Amino acid sequence: MVTVAQPSSVLPRPRTDAVRHLGPNWYATVMGTAIVATAGVALPVRAPGLRPLCAGFWALSLALLAALLAARALHWRHHRDQARAHLLDPAAAPFYGCLAMALLAVGGGTLAVGRDWIGVDAAVAVDAVLFTVGTVVALAAAVAVPYLMAVRHRVTVSQATPVWLLPLVAPMVSAALGPSLAPFLPAGQPRLTLLYACLAMFGLSLLATFVMLPLVFGRLLTGGPLPLALTPALFLVLGPLGQSTTAVGRFAEVAPGVVPGADGHGLAGLGGLAVLYGVPVMGFALLWLCLSGAHVARARRHGMGFTMTWWAFTFPVGTCVTGTAVLARHTGLVAFDVLACALYLLLVAAWGVAARHTVRGLLSGELLAAPRPAPAEPPRATARTTSGAVR
């Protein structure tokens with residue numbers, strides 16, 4: 001019996017259809033899980049069992065990151081056309097900032113609480129790798145995505161959504177988490193270089209956010225509510241607010257051991273700056289939290305169902321927890337202690353809701369299915385949305 005070899009074109013192909021519609025927005029699950037760990041250990045109170053619970057969330061975020069990196073690698077290998085389509089879609093491309101923030105968030109969680117399980121030396125090594133790779137990706141996304149929006153996407157102001165902030169916020173996450181690595185570097189130039197690089201990324205992200213945020217706020221006021229599926233994305237504005245407050249506070253805490261105080265290059269006064277900057281910014285964050293909550297309540301009344309944008313309820317709120325915790329340390333005000341704990345309870349509740357719906361959607365296959373046309377929106381919701389970017 002002679003066996004005829006099959007042409008390569010008809011050889012069985014691996015089953016990769018499940019990852020065809022797996023977009024970069026899925027990294028938000030990693031971010032939202034990791035922030036539960038880092039925000040928990042940053043709280044000004046030490047509840048029994050909290051730290052082991054946070055370590056468990058860190059381990060889960062690490063597992064999620066590994067699984068998603070593998071799945072996205074399959075996506076790029078077997079569905080390159082879809083991957084390129086994501087890059088050329090103004091609704092999907094900004095989510096590449098989530099890849100950077102996922103790497104950074106898991107790295108920061110490794111040093112903050114993962115060291116309880118793997119030891120300090122291993123935690124520093126893991127964080128150093130994830131911080132370096134995450135920062136490179138963050139800076140690349142901060143340049144590449146706005147460039148694509150300008151020369152390929154051809155977006156209009158009426159299409160502005162908080163999703164546009166994602167690639168611009170990623171360097172701020174590096175700025176907030178980088179100072180924790182400084183004490184583990186050799187004294188002198190290595191520590192100084194890292195700290196000043198974080199300061200530069202703080203400025204880069206903050207100024208870019210100041211440019212973009214008026215577009216988002218203006219579109220919201222003049223164009224009406226966002227489409228139902230995108231309404232939770234309003235919470236993304238909290239990210240740069242809470243993360244920048246956290247970053248300034250971390251600069252103030254790390255600088256005394258990094259920057260010589262008597263050589264003319266000291267960063268004296270950063271503690272005061274952390275308060276003068278952080279308190280007004282967190283005040284605006286609370287205003288935006290209430291505004292976003294009102295929009296979400298309205299969207300639910302109009303039939304908003306679950307999409308992956310619900311993960312916007314997690315990481316941005318977590319950055320407000322760490323920012324408020326920083327203010328609690330620098331001011332000694334009990335009010336900030338209480339606020340940090342209240343926001344953390346909100347974060348945990350939001351994570352539970354988003355995680356439950358995500359698991360249910362994965363088991364049913366709905367979240368990884370081809371996107372369906374967006375449902376009709378209530379009056380005034382005129383902005384463009386792409387359902388595939390938020391599934």
# chains A, B, ... in the order shown; residues from 1 in each chain; ligands from 1

call {"tool": "select_by_dssp", "arguments": {"residues": "region 232-339 of chain A", "states": "helix (DSSP H, G or I)", "output": "compact mmCIF listing (two decimals) with C-alpha atoms, in the first residue's frame"}}
result
# COMPACT_ATOMS: atom_id res chain seq x y z
CA PRO A 232 -17.24 51.78 31.79
CA ALA A 233 -14.18 53.19 29.97
CA LEU A 234 -14.89 56.50 31.72
CA PHE A 235 -13.19 54.97 34.75
CA LEU A 236 -9.92 54.89 32.77
CA VAL A 237 -9.48 58.61 33.47
CA LEU A 238 -8.84 57.69 37.10
CA GLY A 239 -5.68 55.84 36.04
CA PRO A 240 -3.38 58.79 35.33
CA LEU A 241 -4.80 60.68 38.32
CA GLY A 242 -4.19 57.97 40.88
CA GLN A 243 -0.96 56.74 39.31
CA SER A 244 0.60 60.21 39.14
CA THR A 245 -0.26 60.82 42.81
CA THR A 246 1.36 57.49 43.66
CA ALA A 247 4.44 58.36 41.59
CA VAL A 248 5.07 61.72 43.27
CA GLY A 249 4.71 60.12 46.68
CA ARG A 250 7.15 57.35 45.78
CA PHE A 251 9.68 59.90 44.52
CA ALA A 252 9.51 61.65 47.89
CA GLU A 253 9.95 58.41 49.82
CA VAL A 254 12.85 57.03 47.77
CA ALA A 255 14.80 60.22 47.02
CA PRO A 256 16.45 60.61 50.48
CA GLY A 257 18.25 57.29 50.05
CA VAL A 258 19.11 57.87 46.42
CA LEU A 270 9.29 66.42 47.26
CA GLY A 271 7.31 65.42 50.34
CA GLY A 272 5.53 68.75 50.26
CA LEU A 273 5.04 68.47 46.51
CA ALA A 274 3.48 65.05 46.97
CA VAL A 275 0.81 66.61 49.16
CA LEU A 276 0.36 69.83 47.16
CA TYR A 277 0.01 67.84 43.95
CA GLY A 278 -1.77 64.77 45.24
CA VAL A 279 -4.58 66.30 47.27
CA PRO A 280 -6.05 68.44 44.44
CA VAL A 281 -5.59 65.63 41.92
CA MET A 282 -7.32 63.10 44.15
CA GLY A 283 -10.09 65.63 44.68
CA PHE A 284 -10.64 65.70 40.92
CA ALA A 285 -10.40 61.90 40.87
CA LEU A 286 -13.27 61.67 43.35
CA LEU A 287 -15.31 64.06 41.21
CA TRP A 288 -14.62 61.92 38.13
CA LEU A 289 -15.44 58.74 40.07
CA CYS A 290 -18.87 60.12 40.93
CA LEU A 291 -19.46 61.36 37.38
CA SER A 292 -18.41 58.03 35.88
CA GLY A 293 -20.54 56.12 38.36
CA ALA A 294 -23.58 58.17 37.38
CA HIS A 295 -22.96 57.43 33.69
CA VAL A 296 -22.58 53.72 34.39
CA ALA A 297 -25.82 53.67 36.41
CA ARG A 298 -27.59 55.36 33.49
CA ALA A 299 -26.09 52.88 31.03
CA ARG A 300 -27.26 49.95 33.13
CA ARG A 301 -30.78 51.35 33.12
CA MET A 308 -14.40 43.51 28.64
CA THR A 309 -14.58 47.25 29.33
CA TRP A 310 -15.90 46.33 32.77
CA TRP A 311 -12.27 45.67 33.72
CA ALA A 312 -11.90 49.46 33.66
CA PHE A 313 -13.55 49.34 37.08
CA PHE A 315 -6.97 48.99 37.71
CA PRO A 316 -7.87 52.72 37.65
CA VAL A 317 -9.63 52.44 41.00
CA GLY A 318 -6.61 50.54 42.34
CA THR A 319 -4.31 53.41 41.40
CA CYS A 320 -6.56 55.70 43.43
CA VAL A 321 -6.12 53.34 46.38
CA THR A 322 -2.31 53.53 46.15
CA GLY A 323 -2.46 57.31 45.60
CA THR A 324 -4.69 57.82 48.62
CA ALA A 325 -2.46 55.55 50.71
CA VAL A 326 0.53 57.72 49.76
CA LEU A 327 -1.34 60.83 50.88
CA ALA A 328 -2.25 59.09 54.14
CA ARG A 329 1.44 58.45 54.84
CA HIS A 330 2.50 62.00 53.98
CA THR A 331 -0.30 63.85 55.76
CA VAL A 334 -7.24 59.57 59.19
CA ALA A 335 -9.61 60.70 56.45
CA PHE A 336 -7.19 59.40 53.82
CA ASP A 337 -6.87 56.11 55.70
CA VAL A 338 -10.63 55.67 55.59
CA LEU A 339 -10.83 56.73 51.94

call {"tool": "residues_around", "arguments": {"residues": "Leu60 (chain A)", "least_positions_apart": "5", "cutoff": "12 Å", "atoms": "only C-alpha atoms", "output": "NGL selection string"}}
result
:A and (29-37 or 53-55 or 65-67 or 106 or 109-110 or 114 or 355)

call {"tool": "write_last_selection", "arguments": {"atoms": "N, CA and C atoms", "output": "PDB file, in the first residue's frame"}}
result
ATOM      1  N   THR A  29      -7.257  42.176  32.252  1.00  0.00           N
ATOM      2  CA  THR A  29      -7.528  41.217  33.322  1.00  0.00           C
ATOM      3  C   THR A  29      -6.305  41.028  34.208  1.00  0.00           C
ATOM      4  N   VAL A  30      -5.123  41.069  33.609  1.00  0.00           N
ATOM      5  CA  VAL A  30      -3.881  40.957  34.377  1.00  0.00           C
ATOM      6  C   VAL A  30      -3.683  42.195  35.233  1.00  0.00           C
ATOM      7  N   MET A  31      -3.869  43.363  34.624  1.00  0.00           N
ATOM      8  CA  MET A  31      -3.724  44.620  35.362  1.00  0.00           C
ATOM      9  C   MET A  31      -4.670  44.681  36.553  1.00  0.00           C
ATOM     10  N   GLY A  32      -5.936  44.345  36.289  1.00  0.00           N
ATOM     11  CA  GLY A  32      -6.935  44.432  37.342  1.00  0.00           C
ATOM     12  C   GLY A  32      -6.699  43.462  38.474  1.00  0.00           C
ATOM     13  N   THR A  33      -6.110  42.306  38.173  1.00  0.00           N
ATOM     14  CA  THR A  33      -5.812  41.321  39.222  1.00  0.00           C
ATOM     15  C   THR A  33      -4.568  41.715  40.003  1.00  0.00           C
ATOM     16  N   ALA A  34      -3.537  42.178  39.309  1.00  0.00           N
ATOM     17  CA  ALA A  34      -2.295  42.559  39.987  1.00  0.00           C
ATOM     18  C   ALA A  34      -2.498  43.750  40.915  1.00  0.00           C
ATOM     19  N   ILE A  35      -3.353  44.701  40.541  1.00  0.00           N
ATOM     20  CA  ILE A  35      -3.537  45.893  41.367  1.00  0.00           C
ATOM     21  C   ILE A  35      -4.247  45.556  42.673  1.00  0.00           C
ATOM     22  N   VAL A  36      -5.039  44.487  42.685  1.00  0.00           N
ATOM     23  CA  VAL A  36      -5.655  44.068  43.945  1.00  0.00           C
ATOM     24  C   VAL A  36      -4.568  43.700  44.957  1.00  0.00           C
ATOM     25  N   ALA A  37      -3.488  43.083  44.466  1.00  0.00           N
ATOM     26  CA  ALA A  37      -2.375  42.706  45.347  1.00  0.00           C
ATOM     27  C   ALA A  37      -1.589  43.926  45.805  1.00  0.00           C
ATOM     28  N   LEU A  53      -3.597  36.983  51.246  1.00  0.00           N
ATOM     29  CA  LEU A  53      -4.602  37.107  50.191  1.00  0.00           C
ATOM     30  C   LEU A  53      -4.040  37.890  49.012  1.00  0.00           C
ATOM     31  N   CYS A  54      -3.312  38.949  49.308  1.00  0.00           N
ATOM     32  CA  CYS A  54      -2.700  39.739  48.239  1.00  0.00           C
ATOM     33  C   CYS A  54      -1.667  38.919  47.476  1.00  0.00           C
ATOM     34  N   ALA A  55      -0.927  38.089  48.199  1.00  0.00           N
ATOM     35  CA  ALA A  55       0.043  37.225  47.531  1.00  0.00           C
ATOM     36  C   ALA A  55      -0.659  36.255  46.576  1.00  0.00           C
ATOM     37  N   LEU A  65      -0.847  36.431  33.200  1.00  0.00           N
ATOM     38  CA  LEU A  65       0.094  37.058  32.273  1.00  0.00           C
ATOM     39  C   LEU A  65       0.761  36.011  31.395  1.00  0.00           C
ATOM     40  N   ALA A  66       1.228  34.927  31.987  1.00  0.00           N
ATOM     41  CA  ALA A  66       1.881  33.880  31.212  1.00  0.00           C
ATOM     42  C   ALA A  66       0.919  33.277  30.187  1.00  0.00           C
ATOM     43  N   ALA A  67      -0.318  33.026  30.602  1.00  0.00           N
ATOM     44  CA  ALA A  67      -1.296  32.437  29.687  1.00  0.00           C
ATOM     45  C   ALA A  67      -1.623  33.385  28.534  1.00  0.00           C
ATOM     46  N   VAL A 106       2.484  43.319  37.159  1.00  0.00           N
ATOM     47  CA  VAL A 106       2.905  42.036  37.736  1.00  0.00           C
ATOM     48  C   VAL A 106       4.308  42.161  38.322  1.00  0.00           C
ATOM     49  N   GLY A 109       4.008  43.973  41.592  1.00  0.00           N
ATOM     50  CA  GLY A 109       3.432  43.090  42.588  1.00  0.00           C
ATOM     51  C   GLY A 109       4.408  42.040  43.077  1.00  0.00           C
ATOM     52  N   THR A 110       5.321  41.608  42.198  1.00  0.00           N
ATOM     53  CA  THR A 110       6.332  40.629  42.593  1.00  0.00           C
ATOM     54  C   THR A 110       7.222  41.189  43.695  1.00  0.00           C
ATOM     55  N   GLY A 114       5.056  39.421  46.132  1.00  0.00           N
ATOM     56  CA  GLY A 114       5.498  38.125  45.637  1.00  0.00           C
ATOM     57  C   GLY A 114       6.754  37.620  46.314  1.00  0.00           C
ATOM     58  N   ALA A 355     -14.500  39.523  37.130  1.00  0.00           N
ATOM     59  CA  ALA A 355     -13.937  38.179  36.997  1.00  0.00           C
ATOM     60  C   ALA A 355     -15.035  37.134  36.795  1.00  0.00           C
TER      61      ALA A 355
END

call {"tool": "atom_distance", "arguments": {"atom1": "CA of Leu204 (chain A)", "atom2": "CA of Pro94 (chain A)"}}
result
16.8 Å

call {"tool": "closest_residue", "arguments": {"among": "A:Trp351, A:Pro162, A:Leu62, A:Val259", "to": "Thr193 (chain A)", "atoms": "only C-alpha atoms"}}
result
A:Val259

call {"tool": "closest_atom_pairs", "arguments": {"of": "region 204-289 of chain A", "to": "region 131-144 of chain A", "cutoff": "12 Å", "atoms": "only C-alpha atoms", "output": "Markdown table"}}
result
| residue | atom | partner | partner_atom | distance |
| --- | --- | --- | --- | --- |
| A:Leu204 | CA | A:Ala142 | CA | 9.2 |
| A:Ser205 | CA | A:Ala142 | CA | 8.4 |
| A:Leu206 | CA | A:Ala142 | CA | 11.9 |
| A:Ala208 | CA | A:Ala142 | CA | 9.1 |
| A:Thr209 | CA | A:Ala142 | CA | 10.9 |

call {"tool": "write_last_selection", "arguments": {"atoms": "N, CA and C atoms", "output": "short mmCIF file (atom, residue, chain, number, x, y, z; two decimals), in the first residue's frame"}}
result
data_model
loop_
_atom_site.label_atom_id
_atom_site.label_comp_id
_atom_site.auth_asym_id
_atom_site.auth_seq_id
_atom_site.Cartn_x
_atom_site.Cartn_y
_atom_site.Cartn_z
N LEU A 204 6.42 63.04 30.93
CA LEU A 204 5.94 62.63 29.60
C LEU A 204 4.47 62.25 29.64
N SER A 205 4.13 61.38 30.58
CA SER A 205 2.76 60.88 30.65
C SER A 205 1.79 61.95 31.14
N LEU A 206 2.22 62.74 32.11
CA LEU A 206 1.32 63.75 32.67
C LEU A 206 0.97 64.81 31.64
N ALA A 208 1.14 64.57 28.36
CA ALA A 208 0.34 63.96 27.29
C ALA A 208 -1.11 63.78 27.75
N THR A 209 -1.30 63.42 29.02
CA THR A 209 -2.65 63.27 29.55
C THR A 209 -3.37 64.62 29.59
#

call {"tool": "residues_around", "arguments": {"residues": "region 83-88 of chain A", "least_positions_apart": "5", "cutoff": "9 Å", "atoms": "only C-alpha atoms", "output": "ChimeraX atom specification"}}
result
/A:20-21,23-24,75-76,93-94,96,145,148-149,152-153,389

call {"tool": "write_last_selection", "arguments": {"atoms": "N, CA and C atoms", "output": "mmCIF file, in the first residue's frame"}}
result
data_model
loop_
_atom_site.group_PDB
_atom_site.id
_atom_site.type_symbol
_atom_site.label_atom_id
_atom_site.label_comp_id
_atom_site.auth_asym_id
_atom_site.auth_seq_id
_atom_site.Cartn_x
_atom_site.Cartn_y
_atom_site.Cartn_z
ATOM 1 N N ARG A 20 -8.464 33.833 17.683
ATOM 2 C CA ARG A 20 -8.501 34.768 16.552
ATOM 3 C C ARG A 20 -8.974 36.155 16.985
ATOM 4 N N HIS A 21 -9.950 36.213 17.868
ATOM 5 C CA HIS A 21 -10.504 37.495 18.280
ATOM 6 C C HIS A 21 -10.028 37.902 19.672
ATOM 7 N N GLY A 23 -8.020 40.096 21.606
ATOM 8 C CA GLY A 23 -7.349 41.375 21.401
ATOM 9 C C GLY A 23 -6.458 41.764 22.566
ATOM 10 N N PRO A 24 -5.690 42.838 22.408
ATOM 11 C CA PRO A 24 -4.799 43.292 23.480
ATOM 12 C C PRO A 24 -5.545 43.803 24.693
ATOM 13 N N HIS A 75 -1.917 34.086 18.542
ATOM 14 C CA HIS A 75 -2.736 35.013 17.757
ATOM 15 C C HIS A 75 -1.908 35.661 16.647
ATOM 16 N N TRP A 76 -0.733 36.163 17.006
ATOM 17 C CA TRP A 76 0.124 36.819 16.013
ATOM 18 C C TRP A 76 0.667 35.825 14.986
ATOM 19 N N ALA A 93 -6.282 49.740 18.823
ATOM 20 C CA ALA A 93 -4.844 50.008 18.941
ATOM 21 C C ALA A 93 -4.440 50.577 20.299
ATOM 22 N N PRO A 94 -5.210 51.487 20.907
ATOM 23 C CA PRO A 94 -4.775 52.025 22.213
ATOM 24 C C PRO A 94 -4.615 50.958 23.286
ATOM 25 N N TYR A 96 -2.935 48.427 23.203
ATOM 26 C CA TYR A 96 -1.577 47.918 23.307
ATOM 27 C C TYR A 96 -0.847 48.509 24.510
ATOM 28 N N VAL A 145 1.197 54.519 18.966
ATOM 29 C CA VAL A 145 -0.255 54.597 18.855
ATOM 30 C C VAL A 145 -0.723 55.998 18.461
ATOM 31 N N LEU A 148 0.035 56.354 14.766
ATOM 32 C CA LEU A 148 -0.927 55.654 13.911
ATOM 33 C C LEU A 148 -2.261 56.386 13.868
ATOM 34 N N MET A 149 -2.677 56.935 14.990
ATOM 35 C CA MET A 149 -3.937 57.676 15.019
ATOM 36 C C MET A 149 -3.870 58.898 14.113
ATOM 37 N N ARG A 152 -2.764 57.089 10.103
ATOM 38 C CA ARG A 152 -3.487 55.954 9.524
ATOM 39 C C ARG A 152 -4.958 55.903 9.957
ATOM 40 N N HIS A 153 -5.224 56.194 11.219
ATOM 41 C CA HIS A 153 -6.580 56.020 11.724
ATOM 42 C C HIS A 153 -7.536 57.124 11.282
ATOM 43 N N ALA A 389 -13.440 45.749 19.833
ATOM 44 C CA ALA A 389 -12.365 46.244 20.695
ATOM 45 C C ALA A 389 -12.677 46.087 22.149
#

call {"tool": "closest_residue", "arguments": {"among": "A:Leu103, A:Leu166, A:Ala342, A:Ala128", "to": "Ser180 (chain A)", "atoms": "only C-alpha atoms"}}
result
A:Ala128

call {"tool": "residues_around", "arguments": {"residues": "Leu367 (chain A)", "least_positions_apart": "6", "cutoff": "9 Å", "atoms": "only C-alpha atoms", "output": "number ranges by chain"}}
result
A: 21-22, 307-308, 358, 360-361, 391

call {"tool": "closest_residue", "arguments": {"among": "A:Leu215, A:Ala350, A:Ala73, A:Leu368", "to": "Ala160 (chain A)", "atoms": "only C-alpha atoms"}}
result
A:Leu215
